[in-house]
file start.txt (compact mmCIF, C-alpha atoms)
# COMPACT_ATOMS: atom_id res chain seq x y z
CA MET A 1 134.00 67.70 172.38
CA ALA A 2 131.19 67.98 169.86
CA ILE A 3 129.90 71.42 168.98
CA ILE A 4 126.15 72.02 168.93
CA ASN A 5 125.02 75.08 167.05
CA GLN A 6 121.31 75.64 167.64
CA ALA A 7 121.34 78.68 165.38
CA THR A 8 122.53 76.86 162.27
CA LYS A 9 121.18 73.47 163.42
CA GLU A 10 124.59 71.86 163.12
CA LEU A 11 126.33 69.17 165.12
CA GLN A 12 130.10 69.02 164.57
CA VAL A 13 132.06 65.96 165.65
CA LYS A 14 135.79 65.22 165.54
CA ILE A 15 137.10 61.73 164.76
CA VAL A 16 140.84 61.02 164.92
CA TYR A 17 142.61 58.10 163.23
CA TYR A 18 145.50 57.07 165.49
CA GLY A 19 148.15 54.37 165.23
CA PRO A 20 151.82 53.60 164.62
CA ALA A 21 153.83 54.91 161.68
CA LYS A 22 152.88 53.55 158.25
CA CYS A 23 149.90 51.59 159.59
CA GLY A 24 147.52 53.11 157.02
CA LYS A 25 145.80 56.04 158.75
CA THR A 26 146.20 58.38 155.80
CA ILE A 27 145.10 55.73 153.30
CA ASN A 28 141.91 55.23 155.34
CA LEU A 29 141.08 58.91 154.95
CA GLU A 30 142.06 58.90 151.28
CA GLN A 31 139.78 55.94 150.62
CA VAL A 32 136.85 57.55 152.38
CA HIS A 33 137.47 60.80 150.58
CA ALA A 34 137.75 59.12 147.18
CA ASN A 35 134.89 56.66 147.50
CA VAL A 36 132.24 57.98 149.85
CA GLN A 37 128.75 58.54 148.45
CA VAL A 38 127.58 62.04 149.20
CA PRO A 39 124.29 63.73 148.29
CA ASN A 40 126.04 66.76 146.80
CA ALA A 41 129.54 68.05 146.21
CA GLU A 42 129.35 70.42 149.19
CA SER A 43 128.92 67.50 151.59
CA LYS A 44 132.57 66.60 151.26
CA GLY A 45 135.36 69.12 151.72
CA LYS A 46 138.82 69.01 150.22
CA MET A 47 141.38 66.83 151.90
CA VAL A 48 144.24 68.68 153.54
CA SER A 49 147.47 66.75 154.03
CA LEU A 50 150.36 68.35 155.84
CA ALA A 51 153.02 65.87 154.83
CA THR A 52 156.77 65.69 154.34
CA SER A 53 158.34 65.55 150.88
CA SER A 54 158.30 61.76 151.18
CA ASP A 55 154.54 61.76 151.82
CA ARG A 56 154.80 60.96 155.51
CA THR A 57 152.27 62.81 157.65
CA LEU A 58 153.99 65.73 159.33
CA PHE A 59 151.11 67.35 161.19
CA PHE A 60 147.78 65.84 160.18
CA ASP A 61 145.47 64.90 157.33
CA PHE A 62 141.99 66.32 157.48
CA PHE A 63 138.72 66.52 155.65
CA PRO A 64 135.21 67.48 156.62
CA LEU A 65 132.35 65.16 155.76
CA GLU A 66 128.68 65.94 156.13
CA ALA A 67 126.16 63.23 156.89
CA MET A 68 122.42 63.23 156.65
CA SER A 69 120.44 65.33 159.08
CA ILE A 70 119.77 63.74 162.42
CA LYS A 71 116.77 65.16 164.25
CA GLY A 72 116.93 68.22 162.05
CA PHE A 73 120.62 68.80 162.78
CA LYS A 74 123.12 68.75 159.98
CA THR A 75 125.86 66.40 161.20
CA LYS A 76 129.39 67.33 160.21
CA PHE A 77 132.26 64.98 160.86
CA GLN A 78 135.81 66.23 160.94
CA LEU A 79 138.15 63.36 160.11
CA TYR A 80 141.79 63.71 161.17
CA THR A 81 144.87 61.54 161.22
CA VAL A 82 147.89 62.03 163.44
CA PRO A 83 151.53 61.52 162.41
CA GLY A 84 152.55 58.03 163.49
CA GLN A 85 156.28 58.58 163.84
CA VAL A 86 157.37 58.50 167.47
CA ILE A 87 159.14 61.87 167.31
CA TYR A 88 155.92 63.74 166.53
CA ASN A 89 154.26 63.13 169.87
CA THR A 90 153.56 66.79 170.58
CA THR A 91 151.74 67.02 167.26
CA ARG A 92 149.60 64.02 168.18
CA GLN A 93 148.62 65.72 171.43
CA LEU A 94 147.62 68.85 169.52
CA VAL A 95 145.48 66.95 167.04
CA LEU A 96 143.74 65.00 169.82
CA ARG A 97 142.43 68.21 171.32
CA GLY A 98 138.61 68.13 171.37
CA VAL A 99 138.43 64.56 170.03
CA ASP A 100 135.02 62.86 170.15
CA GLY A 101 135.84 59.46 168.66
CA ILE A 102 138.98 57.49 167.81
CA VAL A 103 139.83 54.87 165.20
CA PHE A 104 142.97 53.03 166.26
CA VAL A 105 144.59 51.59 163.15
CA ALA A 106 146.96 48.71 163.87
CA ASP A 107 149.42 47.18 161.41
CA SER A 108 148.85 43.44 161.01
CA ASN A 109 152.47 42.67 160.10
CA TYR A 110 153.80 40.37 162.80
CA GLU A 111 156.93 42.44 163.33
CA LYS A 112 154.80 45.54 163.99
CA MET A 113 153.08 44.19 167.10
CA GLN A 114 155.38 45.99 169.50
CA GLU A 115 154.83 49.28 167.66
CA ASN A 116 151.08 48.73 167.80
CA VAL A 117 151.14 48.18 171.53
CA GLU A 118 153.44 51.16 172.11
CA SER A 119 151.24 53.40 169.99
CA PHE A 120 148.14 52.30 171.89
CA ALA A 121 149.87 53.07 175.20
CA ASN A 122 150.97 56.40 173.74
CA LEU A 123 147.34 57.17 172.86
CA GLU A 124 146.29 56.59 176.46
CA ASP A 125 149.16 58.75 177.73
CA ASN A 126 148.31 61.58 175.36
CA LEU A 127 144.65 61.47 176.34
CA LYS A 128 145.71 61.66 179.99
CA SER A 129 147.75 64.77 179.20
CA LEU A 130 144.49 66.30 177.92
CA LYS A 131 142.66 65.12 181.06
CA LEU A 132 140.73 62.55 179.04
CA LYS A 133 140.31 58.82 179.54
CA LEU A 134 140.15 56.29 176.73
CA ASP A 135 137.30 54.49 178.50
CA ASP A 136 135.17 57.64 178.21
CA ILE A 137 135.73 58.09 174.47
CA PRO A 138 134.12 55.89 171.81
CA TYR A 139 136.80 54.08 169.86
CA VAL A 140 137.16 51.18 167.46
CA LEU A 141 140.11 49.07 166.37
CA GLN A 142 141.07 48.37 162.80
CA TYR A 143 143.56 45.59 162.03
CA ASN A 144 144.86 46.87 158.73
CA LYS A 145 147.13 45.26 156.14
CA ARG A 146 145.57 41.83 156.42
CA ASP A 147 147.08 41.15 152.99
CA ALA A 148 150.60 41.36 154.43
CA ALA A 149 152.96 38.44 153.82
CA ASN A 150 153.13 37.57 157.49
CA PRO A 151 150.04 38.88 159.28
CA ALA A 152 149.58 38.22 162.96
CA PRO A 153 146.45 36.19 163.80
CA VAL A 154 143.45 38.37 164.61
CA ASP A 155 143.04 36.61 167.97
CA TYR A 156 146.57 37.59 168.89
CA MET A 157 145.94 41.23 167.94
CA GLU A 158 142.74 41.13 169.97
CA PHE A 159 144.74 39.81 172.91
CA LEU A 160 147.29 42.60 172.54
CA LEU A 161 144.98 45.55 171.85
CA ASN A 162 141.45 44.63 172.85
CA ASN A 163 142.07 42.94 176.14
CA ARG A 164 140.44 45.47 178.41
CA GLU A 165 137.47 45.31 180.73
CA VAL A 166 135.16 46.47 177.95
CA GLN A 167 136.02 45.14 174.51
CA VAL A 168 135.43 47.46 171.59
CA PRO A 169 134.41 46.60 168.02
CA SER A 170 137.32 45.63 165.81
CA PHE A 171 137.61 45.22 162.05
CA THR A 172 140.06 43.57 159.72
CA ALA A 173 140.98 45.73 156.77
CA VAL A 174 143.02 46.18 153.66
CA ALA A 175 142.66 49.94 153.51
CA SER A 176 144.59 50.23 150.24
CA LYS A 177 141.72 48.28 148.63
CA SER A 178 139.10 50.06 150.72
CA ASP A 179 138.24 46.77 152.47
CA GLY A 180 137.04 47.42 156.00
CA VAL A 181 137.39 51.18 155.69
CA PHE A 182 133.69 52.08 155.61
CA GLU A 183 132.77 49.40 158.15
CA THR A 184 135.22 51.01 160.57
CA LEU A 185 133.98 54.54 159.92
CA ASN A 186 130.33 53.58 160.27
CA MET A 187 130.98 51.81 163.54
CA ILE A 188 132.74 54.77 165.16
CA VAL A 189 129.86 56.99 164.00
CA ARG A 190 127.39 54.53 165.50
CA LEU A 191 129.28 54.46 168.81
CA LEU A 192 129.37 58.26 168.87
CA LEU A 193 125.62 58.48 168.30
CA ASN A 194 125.07 55.89 171.02
CA LYS A 195 127.08 58.07 173.37
CA PHE A 196 125.00 61.13 172.50
CA ILE A 197 121.82 59.09 172.99
CA ASN A 198 122.96 57.97 176.43
CA GLU A 199 123.84 61.52 177.36
CA SER A 200 120.42 62.72 176.10
CA GLY A 201 118.76 60.07 178.25
CA ARG A 202 120.51 61.30 181.38
CA LYS A 203 119.16 64.85 181.01
CA MET S 1 138.22 73.20 181.44
CA ALA S 2 134.70 74.17 180.42
CA GLY S 3 133.94 73.08 176.90
CA PHE S 4 132.68 75.26 174.10
CA PRO S 5 129.06 76.22 174.83
CA GLN S 6 126.04 75.56 172.62
CA ILE S 7 125.43 78.42 170.25
CA THR S 8 121.92 79.85 170.13
CA GLU S 9 120.22 82.35 167.82
CA GLU S 10 121.05 85.09 170.32
CA ASP S 11 124.75 84.18 170.27
CA SER S 12 124.75 83.90 166.50
CA LYS S 13 123.17 87.35 166.14
CA SER S 14 125.71 88.84 168.50
CA PHE S 15 128.61 87.20 166.62
CA THR S 16 127.26 88.47 163.30
CA GLU S 17 127.02 92.02 164.61
CA THR S 18 130.50 91.89 166.13
CA LEU S 19 132.22 90.34 163.12
CA ASN S 20 130.41 92.61 160.65
CA GLU S 21 131.52 95.62 162.67
CA LEU S 22 135.09 94.31 162.67
CA VAL S 23 135.06 93.75 158.90
CA LEU S 24 133.46 97.14 158.25
CA GLN S 25 135.74 99.18 160.51
CA SER S 26 139.00 97.46 159.66
CA GLU S 27 138.21 96.88 155.98
CA ALA S 28 139.20 93.26 156.48
CA THR S 29 138.04 90.73 153.92
CA SER S 30 136.55 88.24 156.33
CA ALA S 31 136.49 87.32 159.98
CA LEU S 32 135.90 83.91 161.54
CA ILE S 33 135.22 82.59 165.01
CA VAL S 34 137.00 79.26 165.39
CA GLU S 35 136.97 76.72 168.19
CA LYS S 36 140.46 75.55 169.11
CA ALA S 37 139.77 71.93 168.17
CA GLY S 38 139.35 73.17 164.61
CA TYR S 39 135.63 73.82 164.25
CA LEU S 40 134.39 76.82 162.32
CA ILE S 41 131.77 78.47 164.52
CA HIS S 42 130.84 81.65 162.69
CA GLN S 43 131.98 83.71 159.72
CA CYS S 44 131.30 87.12 158.18
CA GLY S 45 132.60 89.11 155.23
CA HIS S 46 133.60 87.82 151.81
CA CYS S 47 134.07 84.17 152.64
CA ALA S 48 133.24 82.62 149.28
CA ASP S 49 136.78 83.14 147.98
CA PHE S 50 138.30 80.95 150.68
CA ASP S 51 137.62 77.47 151.99
CA THR S 52 136.85 78.71 155.49
CA THR S 53 136.50 75.20 156.91
CA GLN S 54 140.10 74.54 155.94
CA VAL S 55 141.17 77.96 157.17
CA ALA S 56 139.55 77.24 160.56
CA THR S 57 141.25 73.86 160.90
CA LEU S 58 144.66 75.08 159.85
CA ALA S 59 144.46 78.27 161.91
CA SER S 60 143.49 76.49 165.10
CA ASN S 61 146.17 73.82 164.74
CA ALA S 62 148.81 76.40 163.80
CA PHE S 63 147.83 78.49 166.79
CA ASN S 64 147.94 75.50 169.15
CA ALA S 65 151.33 74.44 167.77
CA THR S 66 152.84 77.91 168.07
CA GLN S 67 151.43 78.33 171.56
CA PHE S 68 153.14 75.09 172.51
CA LEU S 69 156.36 76.33 170.93
CA ALA S 70 156.08 79.53 172.96
CA SER S 71 155.64 77.51 176.14
CA LEU S 72 158.81 75.54 175.31
CA ILE S 73 160.79 78.74 175.39
CA THR S 74 159.11 79.62 178.71
CA GLU S 75 156.85 82.22 177.15
CA THR S 76 153.51 82.02 178.92
CA ASN S 77 151.86 85.01 177.27
CA PHE S 78 150.81 83.95 173.79
CA THR S 79 147.86 85.85 172.40
CA GLY S 80 148.13 85.71 168.66
CA MET S 81 149.99 85.09 165.45
CA TYR S 82 150.28 86.77 162.08
CA GLN S 83 150.79 85.32 158.60
CA GLN S 84 152.11 88.02 156.29
CA GLY S 85 151.21 87.50 152.65
CA GLU S 86 151.68 89.38 149.40
CA ARG S 87 147.95 89.55 148.57
CA PHE S 88 146.19 88.45 151.73
CA SER S 89 147.38 88.12 155.30
CA THR S 90 145.91 86.39 158.31
CA LEU S 91 145.77 87.43 161.94
CA ILE S 92 144.84 84.78 164.49
CA LEU S 93 144.01 86.03 167.96
CA ASN S 94 143.09 84.29 171.17
CA VAL S 95 139.60 84.92 172.58
CA ASP S 96 139.51 82.51 175.51
CA GLU S 97 140.72 79.01 176.32
CA ASN S 98 138.42 77.49 173.68
CA CYS S 99 138.14 80.09 171.00
CA LEU S 100 140.02 82.14 168.40
CA VAL S 101 139.26 84.91 165.97
CA VAL S 102 140.79 84.67 162.51
CA VAL S 103 140.88 87.80 160.36
CA ILE S 104 141.76 87.60 156.67
CA PHE S 105 142.72 90.95 155.17
CA LYS S 106 144.40 92.47 152.15
CA ALA S 107 148.16 92.65 152.59
CA THR S 108 148.04 96.38 151.85
CA LEU S 109 146.20 96.99 155.13
CA SER S 110 148.04 97.69 158.36
CA VAL S 111 148.16 94.74 160.72
CA GLY S 112 148.18 97.17 163.63
CA MET S 113 144.82 98.56 162.57
CA ILE S 114 143.38 95.06 162.12
CA LYS S 115 144.65 94.12 165.56
CA TYR S 116 143.13 97.22 167.12
CA TYR S 117 139.63 96.54 165.77
CA ALA S 118 139.98 92.81 166.38
CA SER S 119 140.77 93.43 170.05
CA ILE S 120 137.44 95.25 170.39
CA ALA S 121 135.66 92.35 168.70
CA ILE S 122 137.40 89.81 170.90
CA LYS S 123 136.05 91.46 174.05
CA CYS S 124 132.48 91.31 172.66
CA ILE S 125 132.86 87.66 171.59
CA ALA S 126 134.35 86.67 174.95
CA ASP S 127 131.47 88.38 176.78
CA GLN S 128 128.90 86.59 174.62
CA LEU S 129 130.63 83.25 175.17
CA LEU S 130 130.44 83.84 178.91
CA ILE S 131 126.70 84.40 178.58
CA ALA S 132 126.46 81.20 176.53
CA GLN S 133 128.51 79.28 179.12
CA GLY S 134 126.17 80.40 181.87
CA ARG S 135 123.06 79.33 180.02
CA ASP S 136 121.29 76.08 180.80
CA ASN S 137 122.14 73.95 177.78
CA SER S 138 120.28 70.84 178.85
CA GLY S 139 117.88 71.24 175.96
CA GLY S 140 120.46 70.23 173.33
CA ILE S 141 119.74 67.59 170.74
CA ASP S 142 117.43 65.01 172.21
CA LEU S 143 118.51 61.76 170.59
CA ALA S 144 116.85 59.56 173.18
CA ASP S 145 114.46 57.94 170.69
CA LEU S 146 116.98 57.63 167.86
CA ASP S 147 117.85 54.08 166.88
CA PRO S 148 121.55 54.09 166.00
CA THR S 149 121.18 50.89 163.99
CA ASN S 150 119.17 52.94 161.49
CA VAL S 151 122.17 55.13 160.88
CA SER S 152 124.79 52.42 161.12
CA GLU S 153 125.52 52.72 157.43
CA LEU S 154 125.58 56.45 157.34
CA PHE S 155 128.47 56.48 154.91
CA LYS S 156 128.42 54.19 151.92
CA ARG S 157 131.10 53.30 149.47
CA ARG S 158 130.55 54.55 145.95
CA GLU S 159 130.08 51.75 143.47
CA THR S 160 132.45 51.53 140.52
CA GLY S 161 131.33 53.81 137.71
CA GLU S 162 129.41 56.22 139.92
CA SER S 163 130.21 59.89 139.91
CA ALA S 164 133.18 60.67 142.12
CA SER S 165 131.40 63.20 144.24
CA THR S 166 127.68 62.58 144.28
CA THR S 167 125.13 59.85 144.53
CA PRO S 168 122.63 59.44 141.70
call {"tool": "encode", "arguments": {"input": "start.txt", "output": "structure tokens"}}
result
Amino acid sequence: MAIINQATKELQVKIVYYGPAKCGKTINLEQVHANVQVPNAESKGKMVSLATSSDRTLFFDFFPLEAMSIKGFKTKFQLYTVPGQVIYNTTRQLVLRGVDGIVFVADSNYEKMQENVESFANLEDNLKSLKLKLDDIPYVLQYNKRDAANPAPVDYMEFLLNNREVQVPSFTAVASKSDGVFETLNMIVRLLLNKFINESGRK
Amino acid sequence: MAGFPQITEEDSKSFTETLNELVLQSEATSALIVEKAGYLIHQCGHCADFDTTQVATLASNAFNATQFLASLITETNFTGMYQQGERFSTLILNVDENCLVVVIFKATLSVGMIKYYASIAIKCIADQLLIAQGRDNSGGIDLADLDPTNVSELFKRRETGESASTTP
């Protein structure tokens, strides 16, 4: 959950990029880190990648990103990825701790549809283990690798992954070219702020 | 599980006093209060030499991972972990279900001494967090009149040729 520090006037929010192995979670973070406009160098921290020797995420990738002040509060976003490989499920649970918003990155390759669906189900299971419900957490879908040789139709991916009572925003992307990366990030930020607004309104 | 409470000026002052005392007494280099999801809450001492945001993130995730490992071997009592270095070492200690203290100290110092002073600090921090938990936090950030469409492009992509880190 977000941290509000009235003393330093800071709001800290955690966003986790989730999805199957090799779907492009790390490349999303790398593209944001490399290309985001920031007012000063301190607004963007170094990127930490705990990866294997073959550059597969072992624990997580992380970097902190500061946005403009909102209502006098400095807003700090902590962007994380999880390891996609099935065997690292415990690690995914650990990284999901305290999550405020989720970007589910799906691989558009036709043969990856089963892995996408399994990873999405795994996300729900892991949230349950943390006593959280996906419906209570802002999330967006990103259909990455649209430049693949054999991409599944977007409608089909919507049917597989966005076929719930409340549909969430979804974006097509080619993260390696930065296409769709910032649209996805800005939408999850917008959903998070909407959630805070709704919670403010209830008080 | 109660979440991490809002931090006020009163809490911040208390944390500063506690961490400064810990650093002074133990001769540690720096001390951090870290939320277990990875947020850096407070820091004192010589922090400029380290990226404390990264330290907080890595310490919390390392702690959570090792705690899980301990539970796998049926060990329910897991209160801390120690990274022994050649120049600097790190002691990570549990405060409560949401919070940790991370102490960075010269490797020449005794970890036992650091742990002794840290345990005193932990009690003070835990007491202050209890006070913070009991406070009415309904006056948080009032975003009720914020239009999220105005901030929908909070993060923009740098155009080709722009500086890598800053906007003009």
call {"tool": "interface_residues", "arguments": {"input": "start.txt", "of": "chain A", "to": "chain S", "cutoff": "6 Å", "atoms": "only C-alpha atoms", "output": "list in words"}}
result
Ile4, Asn5, Gln6, Ala7, Asn35, Val36, Gln37, Val38, Pro39, Asn40, Ala41, Arg97, Gly98, Asn186, Arg190, Ile197, Ser200 and Gly201 of chain A
call {"tool": "residues_around", "arguments": {"input": "start.txt", "residues": "S:Leu109", "least_positions_apart": "5", "cutoff": "12 Å", "atoms": "all atoms listed in the file", "output": "JSON, numbers by chain"}}
result
{"S": [25, 26, 27, 28, 29, 84, 85, 86, 87, 88, 89, 90, 91, 103, 104, 114, 115]}
call {"tool": "closest_residue", "arguments": {"input": "start.txt", "among": "A:Leu161, A:Asn109, A:Lys22, A:Gln31", "to": "A:Arg56", "atoms": "all atoms listed in the file"}}
result
A:Lys22
call {"tool": "atom_distance", "arguments": {"input": "start.txt", "atom1": "atom CA of A:Leu123", "atom2": "atom CA of A:Phe62"}}
result
18.7 Å
call {"tool": "atom_distance", "arguments": {"input": "start.txt", "atom1": "atom CA of A:Val105", "atom2": "atom CA of A:Gly19"}}
result
5.0 Å
call {"tool": "residues_around", "arguments": {"input": "start.txt", "residues": "S:Gln128", "least_positions_apart": "5", "cutoff": "9 Å", "atoms": "only C-alpha atoms", "output": "PyMOL selection string"}}
result
chain S and resi 11+14-15+123+133
call {"tool": "residues_around", "arguments": {"input": "start.txt", "residues": "A:Lys112", "least_positions_apart": "4", "cutoff": "10 Å", "atoms": "all atoms listed in the file", "output": "list in words"}}
result
Pro20, Ala21, Cys23, Ala106, Asp107, Ser108, Asn116, Val117, Glu118, Pro151 and Ala152 of chain A
call {"tool": "atom_distance", "arguments": {"input": "start.txt", "atom1": "atom CA of S:Gln43", "atom2": "atom CA of S:Thr16"}}
result
7.6 Å
call {"tool": "residues_around", "arguments": {"input": "start.txt", "residues": "stretch 163-175 of chain A", "least_positions_apart": "4", "cutoff": "7 Å", "atoms": "all atoms listed in the file", "output": "list in words"}}
result
Gly24, Ile27, Asn28, Tyr139, Val140, Leu141, Gln142, Tyr143, Asn144, Lys145, Arg146, Asp147, Glu158, Phe159, Asp179, Gly180, Val181 and Thr184 of chain A
call {"tool": "closest_residue", "arguments": {"input": "start.txt", "among": "S:Ile73, S:Ala48, S:Leu93, S:Ala132", "to": "S:Ile120", "atoms": "all atoms listed in the file"}}
result
S:Leu93
call {"tool": "closest_residue", "arguments": {"input": "start.txt", "among": "A:Ala148, A:Leu130, A:Tyr110, A:Ala2", "to": "A:Ser176", "atoms": "only C-alpha atoms"}}
result
A:Ala148
call {"tool": "closest_residue", "arguments": {"input": "start.txt", "among": "A:Ser49, A:Ala149, A:Pro138, A:Thr90", "to": "S:Gln67", "atoms": "only C-alpha atoms"}}
result
A:Thr90
call {"tool": "residues_around", "arguments": {"input": "start.txt", "residues": "A:Val95", "least_positions_apart": "3", "cutoff": "8 Å", "atoms": "only C-alpha atoms", "output": "ChimeraX atom specification"}}
result
/A:16,60,80-82,91-92 /S:37,61
call {"tool": "build_atoms", "arguments": {"input": "start.txt", "residues": "stretch 90-101 of chain A", "atoms": "N, CA, C and O atoms", "output": "PDB file, in the coordinates of the input"}}
result
ATOM      1  N   THR A  90     154.223  65.529 170.265  1.00  0.00           N
ATOM      2  CA  THR A  90     153.560  66.790 170.580  1.00  0.00           C
ATOM      3  C   THR A  90     152.450  67.076 169.572  1.00  0.00           C
ATOM      4  O   THR A  90     151.356  67.520 169.935  1.00  0.00           O
ATOM      5  N   THR A  91     152.737  66.798 168.320  1.00  0.00           N
ATOM      6  CA  THR A  91     151.740  67.020 167.260  1.00  0.00           C
ATOM      7  C   THR A  91     150.517  66.144 167.494  1.00  0.00           C
ATOM      8  O   THR A  91     149.382  66.583 167.310  1.00  0.00           O
ATOM      9  N   ARG A  92     150.743  64.908 167.914  1.00  0.00           N
ATOM     10  CA  ARG A  92     149.600  64.020 168.180  1.00  0.00           C
ATOM     11  C   ARG A  92     148.729  64.589 169.301  1.00  0.00           C
ATOM     12  O   ARG A  92     147.500  64.551 169.235  1.00  0.00           O
ATOM     13  N   GLN A  93     149.387  65.119 170.323  1.00  0.00           N
ATOM     14  CA  GLN A  93     148.620  65.720 171.430  1.00  0.00           C
ATOM     15  C   GLN A  93     147.760  66.882 170.920  1.00  0.00           C
ATOM     16  O   GLN A  93     146.609  67.039 171.319  1.00  0.00           O
ATOM     17  N   LEU A  94     148.348  67.688 170.032  1.00  0.00           N
ATOM     18  CA  LEU A  94     147.620  68.850 169.520  1.00  0.00           C
ATOM     19  C   LEU A  94     146.395  68.417 168.708  1.00  0.00           C
ATOM     20  O   LEU A  94     145.322  68.990 168.828  1.00  0.00           O
ATOM     21  N   VAL A  95     146.582  67.395 167.893  1.00  0.00           N
ATOM     22  CA  VAL A  95     145.480  66.950 167.040  1.00  0.00           C
ATOM     23  C   VAL A  95     144.372  66.282 167.864  1.00  0.00           C
ATOM     24  O   VAL A  95     143.190  66.361 167.521  1.00  0.00           O
ATOM     25  N   LEU A  96     144.742  65.676 168.983  1.00  0.00           N
ATOM     26  CA  LEU A  96     143.740  65.000 169.820  1.00  0.00           C
ATOM     27  C   LEU A  96     142.834  65.974 170.564  1.00  0.00           C
ATOM     28  O   LEU A  96     141.784  65.577 171.078  1.00  0.00           O
ATOM     29  N   ARG A  97     143.233  67.223 170.592  1.00  0.00           N
ATOM     30  CA  ARG A  97     142.430  68.210 171.320  1.00  0.00           C
ATOM     31  C   ARG A  97     140.981  68.209 170.803  1.00  0.00           C
ATOM     32  O   ARG A  97     140.729  68.304 169.611  1.00  0.00           O
ATOM     33  N   GLY A  98     140.029  68.083 171.733  1.00  0.00           N
ATOM     34  CA  GLY A  98     138.610  68.130 171.370  1.00  0.00           C
ATOM     35  C   GLY A  98     138.104  66.889 170.653  1.00  0.00           C
ATOM     36  O   GLY A  98     137.045  66.925 170.030  1.00  0.00           O
ATOM     37  N   VAL A  99     138.827  65.770 170.766  1.00  0.00           N
ATOM     38  CA  VAL A  99     138.430  64.560 170.030  1.00  0.00           C
ATOM     39  C   VAL A  99     137.132  63.985 170.616  1.00  0.00           C
ATOM     40  O   VAL A  99     136.908  64.020 171.827  1.00  0.00           O
ATOM     41  N   ASP A 100     136.274  63.492 169.714  1.00  0.00           N
ATOM     42  CA  ASP A 100     135.020  62.860 170.150  1.00  0.00           C
ATOM     43  C   ASP A 100     135.082  61.342 169.974  1.00  0.00           C
ATOM     44  O   ASP A 100     134.486  60.608 170.748  1.00  0.00           O
ATOM     45  N   GLY A 101     135.756  60.883 168.926  1.00  0.00           N
ATOM     46  CA  GLY A 101     135.840  59.460 168.660  1.00  0.00           C
ATOM     47  C   GLY A 101     137.176  59.111 168.038  1.00  0.00           C
ATOM     48  O   GLY A 101     137.787  59.946 167.363  1.00  0.00           O
TER      49      GLY A 101
END
